[in-house]
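A short write-up of the structure that comes next.
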Amino acid sequence: MTDLLVFAAEEGAHGGSFSEGGFFADTAGIMLISPFVAFLLIIWLGKQLKNDGAEFAIGAMAVNLVWASVLFFQNMTEGIVREVHFEIANIGLFEGRELIFELGWMVDGLSIMMYWVVSFVGLLVFIYAVGYMHGDRRVPWFFAAFSLFAGSMLILVGAPNLIQLIIGWEGVGLASYLLIGFYWEDIENVKAGNKAFLTNKVADVGLILGAILVGLAIGDFSFPAISEAAAAGNESLGAVAAAGGLLLFFGAMGKSAQFPFHIWLPDAMAGPTPVSALMHAATMVTAGIYLMARTFPLYQAFAEEAGIRPIMVTIGVITLFAMGLLALVADDIKKVLAYSTVSQLGYMMTAVAAGGYTAGLFHLFTHAFFKALLFLGAGSVIHAVHSNNMSDMGGLRKDMPKTFWTFVIGSVSLAGIIPFAGFFSKDEILATLDHEGYVGFMWVAIAGAFVTAFYMTRAVALTFFGTYKGHGHPHESPAIMTTPLIILAVPSVLAGFLNVPGLKLGSFGNFTDWLGARVVPMGDYHPESLDWALAAYGLTAGVGGIVIGWLLFAPDRDTQGERDRVEIPVLYPLLRRKYYVDDAALGLVGFTSGPLARATDWFNTYVLDNIVNGVGGAVRLAGRFVYNGLDQRGIDGIFNGLSAVADSAGSSLRKLQTGRVQQYATSVVIAALVLVIVVVIIQ
Amino acid sequence: MLVNQFLIVAALLFAMGTYGLLVRRNTVMILLSVELMLNAVNINLVAFEAYLRTSEAIGQVFSLFVITIAAAEVGIGLAIVLMIFRNRQSANVDEYNLMKF
């Protein structure tokens, strides 16, 4: 069993030895708490402030970015593996072992990377949102919920054990529900929020069951313990690895919008655009990938033997290819980006499921920058033309140059053109698939790269080229919105160089080494050098997509709208109806839950209500008896009687108070005499 | 030395004071009666001191205190009587009945 494990010795910059970190690792919990402090402060004081409480949200994120940056740098130089936890409660005994509920924070390569991404993207999106939400409804509440969103994600990525991870996981779900349904005056938005929440809830069952299964197998929910048990080939963990691994993957599918749980993500566009940017870049959808990466040793040790790898890879590949196609027919620019996110999440999930820990996370890292950039760019366009539909846009490159150029940078990076960030991360995924023996899937992923380039070219062409088809005259967005775009454009171009195969940044090593700072080595595949043949395939697909997309959508400027309406039989309606997955899901829910709901309603109305009414009536009778019999007559009688006695005693005694001084003096003299007589008699 | 004759005088004086306290209606006379009672006590104190001859002369010192207190008491008492008399045009103690129920 253990000989199947190939835990390659990490030959990182730090030779596999890590430090405990210093002050910043000791106090990393501040990052987990500060957004919640901001949340409370915004609710308390937000309305009275000039920027509706955005100050607190931005302040918390700025503090977090300082902490995360210092930790990131420390991790670059020395590598940090640190776990801090506090015992909260003893859950009880299970098979002779004590289960302890702990809260705390992890500080290792994976967590630090996530801290930094969430803080960096979060800070820029918060700043952008100040401009975007200016003058909108309920702005303080928006920033409060936004802080809650980022804070829950930090709780999740900082979790040292599965239980805290589930707490953060549900917090993210709650905050996303609040933000997707932010404009709740419109019933469609409420429905979108419900859809997101309920779809996630279905998958969450998998996460919770998986967590229980894995945690009870070794009697410990903490990630270091699970990692070490997996690395040591713990037999009881191996026994539940297939089921536990699949259940955890099931949970990850929900949050990371893998087929067929992807249905919630495009609808989640109902929220304000900054929410979409944060949700698609740093928080929420990356949670599933993070979970897979966090429990990676479990899969690395047992997934091959249990035979669950092909299932997970297949789902990832279906997601990356089929969902990319959906972006081709969407008219709403945010939906194009949403399907693009689903597709890119498919890449990440495919990579992690196939054993490419670094590859998947590196794509997560670069994707966070260019997808946040694209969403914020789309938000900037929407802000200018007051419509989400590309059929109302066109020709905006002259009016909005900053948005145009940054959007193009993001698109090219997403399309995977060398030397932009997306090229290197996508190439690493292809190399991993090739190495792990999923060659067929690798070709699908290359085809997916073609589709990616194609739909992004379409989106750029329809939005920024041709003639303007909307109303009014669009203007470039204010500086508070364009500055985050420009800042995000920098890592969208350069982040790829952090992890070029075979290239190390001096003594700092590279992204692979930084992510390798974990309790046990990950032992995933790292290409020694760039495979130029593979890179050429990916690059050809990307360039091909751009060229064909450009030929189709750009030249015929006046009729580009009509060109977009070319309908290929069978395929077009299939894509328009989103492969009927939404219909199937809703139909399934309606088919099963309709009769169930009616039966429950009947049971509720006729059985439960009667029981409740009966109990209520009995309680009323008992209450009436107690009031009339015991309280009014018994207890009140006693106290009325006592006070009447005191009253009559008082009125008879007060007659002694005559007010005549000499009567009092007489009493004194008589009493003195009596005393004297008594004393004399006693002696 | 016999102490009886002093005690008899003091007892008579005290009894007269008590009688006056209880039966006189004029407030000034009541105050005078109280003075009589106090002086009866003083006689007792001095008489016992002379009889026992303690080195510290406790009885005489004590009677000096009683005289002081009595002076103060009469001062306050007469001031009160004067104020009431101004308001009510009467020194009859039976009419001082504001304190009853």
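Within each chain, counting starts at residue 1; across the structure tokens, chains are named A, B, ... in the order shown, with ligands numbered 1 upward in that order.
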Could you list, with a cut-off of 10 Å and counting only C-alpha atoms, the residues of chain B near chain A, each shown with its nearest atom pair and the distance in Å rounded to one decimal, rows sorted by chain and ascending number, as a tab-separated table?
```
residue	atom	partner	partner_atom	distance
B:Thr18	CA	A:Val669	CA	8.1
B:Tyr19	CA	A:Thr666	CA	9.8
B:Leu21	CA	A:Gln662	CA	7.4
B:Leu22	CA	A:Gln662	CA	5.7
B:Val23	CA	A:Gln662	CA	7.8
B:Arg24	CA	A:Gln662	CA	9.0
B:Arg25	CA	A:Gln662	CA	8.8
B:Ile30	CA	A:Gln662	CA	9.4
B:Val93	CA	A:Val661	CA	7.3
B:Asp94	CA	A:Arg660	CA	6.0
B:Glu95	CA	A:Arg660	CA	8.1
B:Tyr96	CA	A:Arg660	CA	7.1
B:Asn97	CA	A:Gly659	CA	4.6
B:Leu98	CA	A:Gly659	CA	6.6
B:Met99	CA	A:Gly659	CA	5.2
B:Lys100	CA	A:Gly659	CA	3.9
B:Phe101	CA	A:Gln657	CA	6.1
```
Residue contacts of Lys402 of chain A (10 Å, only C-alpha atoms) excluding same-chain residues fewer than 4 positions away, as a list in words: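 Within the cut-off, the hits are Gly377, Ser380, Arg397, Lys398, Thr406, Phe407, Val408, Glu476, Ser477, Ala479, Thr482, Thr483, Leu485 and Ile486 of chain A.
Take the candidates A:Ile180, A:Val676, A:Ala62, A:Ala541 and check each one against Pro35 of chain A using only C-alpha atoms; the shortest distance goes to A:Ala62.
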List the neighbours of Leu36 of chain B out to 8 Å using only C-alpha atoms; skip same-chain residues closer than 6 positions along the sequence, and give me the result as a VMD selection string. chain B and resid 13 to 14 16 to 17
Close residues, Ile548 of chain A itself excluded, 10 Å, only C-alpha atoms, min 3 positions apart in chain, as a tab-separated table (two decimals) with C-alpha atoms, in the first residue's frame:
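Listed below is the output, out01.tsv:
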```
chain	number	residue	atom	x	y	z
A	450	PHE	CA	-9.46	27.54	-28.36
A	453	ALA	CA	-9.86	32.59	-26.89
A	454	PHE	CA	-12.81	32.57	-29.27
A	457	THR	CA	-12.43	37.76	-28.80
A	458	ARG	CA	-16.15	37.86	-29.46
A	543	VAL	CA	-4.13	32.31	-31.35
A	544	GLY	CA	-6.47	30.32	-33.56
A	545	GLY	CA	-9.41	31.22	-31.37
A	551	LEU	CA	-12.50	37.27	-38.56
A	552	LEU	CA	-16.04	36.43	-37.56
A	553	PHE	CA	-16.94	39.34	-35.35
A	554	ALA	CA	-14.72	42.32	-36.08
```
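Separating atom CA of Ile409 of chain A from atom CA of Phe370 of chain A is a distance of 8.0 Å.
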DSSP-assigned alpha helix (DSSP H) members of segment 449-541 of chain A, reported as an MDAnalysis selection string: chainID A and resid 449:464 479:494 511:515 532:541
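Every protein or nucleic acid residue with an atom no more than 12 Å from Asn4 of chain B, counting only C-alpha atoms and leaving out same-chain residues fewer than 2 positions away, appears here: Met1, Leu2, Phe6, Leu7, Ile8, Val9, Ala10, Ala11, Ile43, Asn44, Ala47, Phe48 and Tyr51 of chain B.
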Using only C-alpha atoms, please write the residues we just selected to a file, as a JSON list (two decimals), in the first residue's frame.
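In the end it all went to part05.json:
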```
[["chain", "number", "residue", "atom", "x", "y", "z"],
["B", 1, "MET", "CA", -21.03, 62.27, 107.63],
["B", 2, "LEU", "CA", -24.54, 61.28, 106.90],
["B", 6, "PHE", "CA", -29.18, 65.46, 101.18],
["B", 7, "LEU", "CA", -30.89, 62.55, 99.51],
["B", 8, "ILE", "CA", -34.22, 63.41, 101.08],
["B", 9, "VAL", "CA", -33.96, 66.99, 99.91],
["B", 10, "ALA", "CA", -32.98, 65.82, 96.44],
["B", 11, "ALA", "CA", -35.86, 63.32, 96.32],
["B", 43, "ILE", "CA", -27.47, 67.51, 94.65],
["B", 44, "ASN", "CA", -27.27, 63.73, 94.62],
["B", 47, "ALA", "CA", -23.63, 64.59, 98.07],
["B", 48, "PHE", "CA", -22.30, 61.21, 97.06],
["B", 51, "TYR", "CA", -19.56, 61.06, 101.09]]
```
Counting only C-alpha atoms, what is within 12 Å of Ile67 of chain B, bar same-chain residues fewer than 5 positions away, as a list in words? Glu35, Leu36, Met37, Leu38, Asn39, Ala40, Val41, Asn42, Ile43, Leu45, Gln60, Val61, Phe62, Ala72, Glu73 and Val74 of chain B
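Atom pair atom CA of Ala338 of chain A / atom CA of Ala372 of chain A has a distance of 11.3 Å (rounded to one decimal).
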May I have the residues within 12 Å of segment 211-220 of chain A as a VMD selection string, using only C-alpha atoms and disregarding those fewer than 4 positions away in the same chain? chain A and resid 90 to 102 160 to 166 204 to 207 224 to 230 232 to 252 291 295 298 to 299
